[in-house]
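A short write-up of the structure that comes next.
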Amino acid sequence: MAGPGLGENSPPSVDPPGPGLGGAGATGAGPNGPSIRLTAKAVVVRDGALLLVEYRCPGDTGHFSLPGGRTRPGESLAEALARKVREETCLEVRVGPLFLVVEYVPDRHGQVHGPLHRVQLLFRCTALDTGQEPRMPDTHEPGQYAVHWMPLTELPRIRLQPAVAEPLCEALAGPGGRDLLAW
Amino acid sequence: MNGAQAISVSVKAVVIEDDRILLVEYQYPGDTHYNLPGGRARYGEPLREALVRKVREETGAEVEVDRLLFVVEYVPERWDYEFGDYQKVQFNFLCRMAPGSPRPAMPEELDDKYQTAVSWVPLDEMEQLVLLPKVTPAIKAALAEDGRADPLVDRW
């Protein structure tokens with residue numbers, strides 16, 4: 001550990017790399033308790049349609065999410081995002097600016113979306129011209145059902161989680177703006 | 001978990017008053033640098049509330065949190081572990097002094113014994129001191145941007 005630096009007063013809570021945390025793994029419990037669950041998410045728009053992953057789980061009405069996920073040790077948010085988009089949709093993307101952040105605090109929302117404190121970072125991404133259309137991967141998460149180009153005009157009518165259709169469309173309609181990710 | 005790792009989340013305040021910015025000074029042997037006030041966010045505590053708490057702990061000041069200005073990512077492997085072993089993401093918010101707030105000052109009980117001062121630094125003198133992480137350009141770019149909607153959404 002370097003001494004002087006970024007001014008953290010206490011050692012942050014981290015998981016040891018890799019699996020095997022047992023019960024604590026569900027929330028990423030570390031020495032100072034669980035960590036806020038950070039994920040990077042991709043906003044890929046083509047011809048007025050947004051790339052979405054559809055999930056259908058038993059006992060659930062199903063929902064749509066932006067592709068993306070968490071970092072592995074040594075991976076930046078952008079690298080993790082490109083990898084997760086590839087794993088979930090078979091699409092190669094270039095990760096662009098961070099433009100929206102979504103926070104979910106379970107106790108402030110009646111835990112309706114589960115017990116994890118989550119923060120999602122939304123990046124504008126561009127599909128690389130590889131000729132590969134997005135599709136379901138051969139191996140995927142159990143609940144993943146389909147990959148879609150969803151017309152932006154349909155967003156208010158589908159069950160998007162998190163429910164960011166409004167701020168997302170506002171941001172997409174705007175001038176673009178500065179990359180929120182600095183340094 | 002499929003190899004995913006936890007990232008330490010911290011929140012930082014860009015408190016501006018009369019063209020000055022509130023900074024916390026740290027002196028280590030042979031090294032003096034500054035940080036924006038703030039610190040690690042607790043699990044279950046909204047980022048904005050974590051920021052109000054941390055600014056109070058470090059400076060005694062009460063602040064109101066405005067919009068998210070920018071985000072800083074630290075991947076230890078990219079920096080040869082210069083700033084520690086833990087992967088971090090730092091959320092930097094524009095803040096203002098709350099009406100009736102005490103003036104910022106050194107706290108009576110120091111959380112970090114290397115904290116040596118709480119200072120208002122003129123914005124045009126920021127380039128002359130070591131602010132870590134090196135976000136002076138990011139602060140200036142964000143402050144120059146007028147009327148942007150808050151990019152932090154806390155609905156789900």
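We label chains A, B, ... in the order they appear in the structure tokens, count residues from 1 in each chain, and number ligands from 1 in the order shown.
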
Please identify all polymer residues within 8 Å of range 159-166 of chain A, counting only C-alpha atoms, omitting same-chain residues fewer than 6 positions from it, and present them as a PyMOL selection string. (chain A and resi 62-65+102) or (chain B and resi 155-156)

Once you have the residues from the selection above, write them out as an mmCIF file, in the first residue's frame, restricted to N, CA and C atoms.
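Final file, out.cif:
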```cif
data_model
loop_
_atom_site.group_PDB
_atom_site.id
_atom_site.type_symbol
_atom_site.label_atom_id
_atom_site.label_comp_id
_atom_site.auth_asym_id
_atom_site.auth_seq_id
_atom_site.Cartn_x
_atom_site.Cartn_y
_atom_site.Cartn_z
ATOM 1 N N GLY A 62 -40.359 -10.958 -16.573
ATOM 2 C CA GLY A 62 -39.316 -10.678 -17.546
ATOM 3 C C GLY A 62 -38.991 -9.194 -17.598
ATOM 4 N N HIS A 63 -37.783 -8.884 -18.039
ATOM 5 C CA HIS A 63 -37.400 -7.479 -18.148
ATOM 6 C C HIS A 63 -36.269 -7.338 -19.160
ATOM 7 N N PHE A 64 -35.968 -6.102 -19.487
ATOM 8 C CA PHE A 64 -34.885 -5.776 -20.419
ATOM 9 C C PHE A 64 -33.810 -4.992 -19.677
ATOM 10 N N SER A 65 -32.561 -5.233 -20.046
ATOM 11 C CA SER A 65 -31.460 -4.479 -19.456
ATOM 12 C C SER A 65 -30.473 -4.081 -20.538
ATOM 13 N N VAL A 102 -26.635 5.858 -12.606
ATOM 14 C CA VAL A 102 -27.909 5.506 -11.985
ATOM 15 C C VAL A 102 -27.622 4.812 -10.658
ATOM 16 N N ARG B 155 -33.482 7.169 -9.564
ATOM 17 C CA ARG B 155 -34.684 6.339 -9.694
ATOM 18 C C ARG B 155 -34.243 5.040 -10.317
ATOM 19 N N TRP B 156 -35.035 4.002 -10.149
ATOM 20 C CA TRP B 156 -34.585 2.712 -10.692
ATOM 21 C C TRP B 156 -35.702 2.047 -11.442
#
```

Taking only C-alpha atoms into account, find every residue of chain B that has an atom no more than 8 Å from chain A, and write it out as an MDAnalysis selection string. chainID B and resid 1:9 28 31 35 39:40 42:46 69:73 75:78 81:86 111:112 132:135 138 151:156

Near-Gly68 in chain A list (7 Å; only C-alpha atoms; drop same-chain fewer than 6 positions) as a count of residues only: 6

If DSSP is run on the backbone, what residues of range 6-150 of chain B are strand (DSSP E or B)? A reply as a count of residues only would be ideal. 58

Could you list, as a list in words, every residue within 12 Å of Ala105 in chain B, counting only C-alpha atoms and ignoring same-chain residues fewer than 4 positions away?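 The residues that qualify are Leu22, Leu23, Val24, Glu25, Pro37, Val55, Arg56, Glu57, Glu58, Thr59, Gly60, Ala61, Glu62, Ser101, Glu109, Leu110, Gln115, Thr116, Ala117, Val118, Ser119 and Trp120 of chain B.
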
Atoms to include: N, CA and C atoms. Write the selected residues as a tab-separated table (two decimals), in the first residue's frame.
```tsv
chain	number	residue	atom	x	y	z
B	22	LEU	N	-12.78	24.61	-1.79
B	22	LEU	CA	-12.43	24.06	-0.47
B	22	LEU	C	-11.58	22.80	-0.65
B	23	LEU	N	-10.37	22.84	-0.10
B	23	LEU	CA	-9.47	21.69	-0.22
B	23	LEU	C	-8.94	21.27	1.14
B	24	VAL	N	-8.59	20.01	1.26
B	24	VAL	CA	-8.01	19.47	2.49
B	24	VAL	C	-6.53	19.19	2.21
B	25	GLU	N	-5.69	19.68	3.11
B	25	GLU	CA	-4.24	19.53	2.92
B	25	GLU	C	-3.71	18.36	3.74
B	37	PRO	N	-12.46	17.46	-0.34
B	37	PRO	CA	-13.06	16.81	0.83
B	37	PRO	C	-14.00	15.69	0.39
B	55	VAL	N	-17.87	15.37	4.22
B	55	VAL	CA	-17.41	16.77	4.26
B	55	VAL	C	-17.52	17.30	5.69
B	56	ARG	N	-18.59	16.92	6.39
B	56	ARG	CA	-18.75	17.34	7.78
B	56	ARG	C	-17.61	16.78	8.63
B	57	GLU	N	-17.28	15.51	8.44
B	57	GLU	CA	-16.23	14.88	9.25
B	57	GLU	C	-14.87	15.53	9.02
B	58	GLU	N	-14.60	15.91	7.77
B	58	GLU	CA	-13.25	16.41	7.45
B	58	GLU	C	-13.10	17.91	7.63
B	59	THR	N	-14.22	18.64	7.51
B	59	THR	CA	-14.08	20.11	7.51
B	59	THR	C	-15.04	20.80	8.48
B	60	GLY	N	-15.98	20.08	9.06
B	60	GLY	CA	-16.98	20.69	9.94
B	60	GLY	C	-18.07	21.45	9.20
B	61	ALA	N	-17.95	21.54	7.88
B	61	ALA	CA	-18.91	22.33	7.11
B	61	ALA	C	-20.12	21.48	6.72
B	62	GLU	N	-21.26	22.16	6.62
B	62	GLU	CA	-22.47	21.53	6.09
B	62	GLU	C	-22.63	21.97	4.63
B	101	SER	N	-24.14	27.19	7.73
B	101	SER	CA	-23.09	26.20	8.01
B	101	SER	C	-21.96	26.83	8.82
B	109	GLU	N	-11.42	15.95	16.15
B	109	GLU	CA	-10.92	14.58	16.14
B	109	GLU	C	-10.54	14.21	14.71
B	110	LEU	N	-9.23	14.05	14.51
B	110	LEU	CA	-8.75	13.76	13.18
B	110	LEU	C	-8.92	12.29	12.84
B	115	GLN	N	-3.74	14.83	8.00
B	115	GLN	CA	-4.50	16.01	7.58
B	115	GLN	C	-3.99	17.22	8.34
B	116	THR	N	-3.53	18.25	7.62
B	116	THR	CA	-2.89	19.38	8.28
B	116	THR	C	-3.63	20.70	8.13
B	117	ALA	N	-4.55	20.79	7.19
B	117	ALA	CA	-5.27	22.05	7.02
B	117	ALA	C	-6.53	21.85	6.19
B	118	VAL	N	-7.45	22.78	6.37
B	118	VAL	CA	-8.63	22.89	5.51
B	118	VAL	C	-8.57	24.30	4.95
B	119	SER	N	-8.51	24.43	3.64
B	119	SER	CA	-8.22	25.74	3.04
B	119	SER	C	-9.17	26.08	1.91
B	120	TRP	N	-9.46	27.37	1.80
B	120	TRP	CA	-10.09	27.91	0.61
B	120	TRP	C	-8.98	28.34	-0.34
```

Between CA of Thr139 in chain A and CA of Val44 in chain A, what is the distance, to one decimal in Å? 21.7 Å

Computed interatomic separation between CA of Gly176 in chain A and CA of Arg124 in chain A (Å):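 Pair CA of Gly176 in chain A / CA of Arg124 in chain A returns 9.4 Å.
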
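If you look at CA of Lys88 in chain B and CA of Met126 in chain B, they are 23.7 Å away from each other.
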
Nearest residue to Ile139 in chain B out of B:Val11, B:Pro102, B:Ile16, B:Thr32, using only C-alpha atoms?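 Closest candidate: B:Ile16.
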
Could you go through range 28-178 of chain A and tell me which residues DSSP, when run on the backbone, assigns to alpha helix (DSSP H), listing them as a list of chain:residue names?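 Assigned to alpha helix (DSSP H), within range 28-178 of chain A: A:Leu77, A:Ala78, A:Glu79, A:Ala80, A:Leu81, A:Ala82, A:Arg83, A:Lys84, A:Val85, A:Arg86, A:Glu87, A:Glu88, A:Thr89, A:Ala165, A:Glu166, A:Pro167, A:Leu168, A:Cys169, A:Glu170, A:Ala171, A:Leu172, A:Ala173.
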
Export C-alpha atoms of the chosen residues as an mmCIF file, in the first residue's frame?
```cif
data_model
loop_
_atom_site.group_PDB
_atom_site.id
_atom_site.type_symbol
_atom_site.label_atom_id
_atom_site.label_comp_id
_atom_site.auth_asym_id
_atom_site.auth_seq_id
_atom_site.Cartn_x
_atom_site.Cartn_y
_atom_site.Cartn_z
ATOM 1 C CA LEU A 77 -14.608 -0.043 -16.631
ATOM 2 C CA ALA A 78 -14.311 0.430 -20.406
ATOM 3 C CA GLU A 79 -12.490 -2.872 -20.898
ATOM 4 C CA ALA A 80 -14.979 -4.726 -18.726
ATOM 5 C CA LEU A 81 -17.803 -3.163 -20.688
ATOM 6 C CA ALA A 82 -16.472 -4.157 -24.121
ATOM 7 C CA ARG A 83 -15.949 -7.708 -22.839
ATOM 8 C CA LYS A 84 -19.401 -7.966 -21.278
ATOM 9 C CA VAL A 85 -21.147 -6.634 -24.382
ATOM 10 C CA ARG A 86 -19.294 -9.254 -26.429
ATOM 11 C CA GLU A 87 -20.205 -12.012 -23.950
ATOM 12 C CA GLU A 88 -23.870 -11.047 -23.787
ATOM 13 C CA THR A 89 -24.601 -9.964 -27.372
ATOM 14 C CA ALA A 165 -35.946 5.383 -20.409
ATOM 15 C CA GLU A 166 -36.716 9.026 -19.736
ATOM 16 C CA PRO A 167 -33.284 10.347 -18.681
ATOM 17 C CA LEU A 168 -31.685 8.104 -21.273
ATOM 18 C CA CYS A 169 -33.762 9.466 -24.145
ATOM 19 C CA GLU A 170 -33.266 13.026 -22.890
ATOM 20 C CA ALA A 171 -29.521 12.556 -22.811
ATOM 21 C CA LEU A 172 -29.500 10.929 -26.249
ATOM 22 C CA ALA A 173 -31.531 13.797 -27.706
#
```
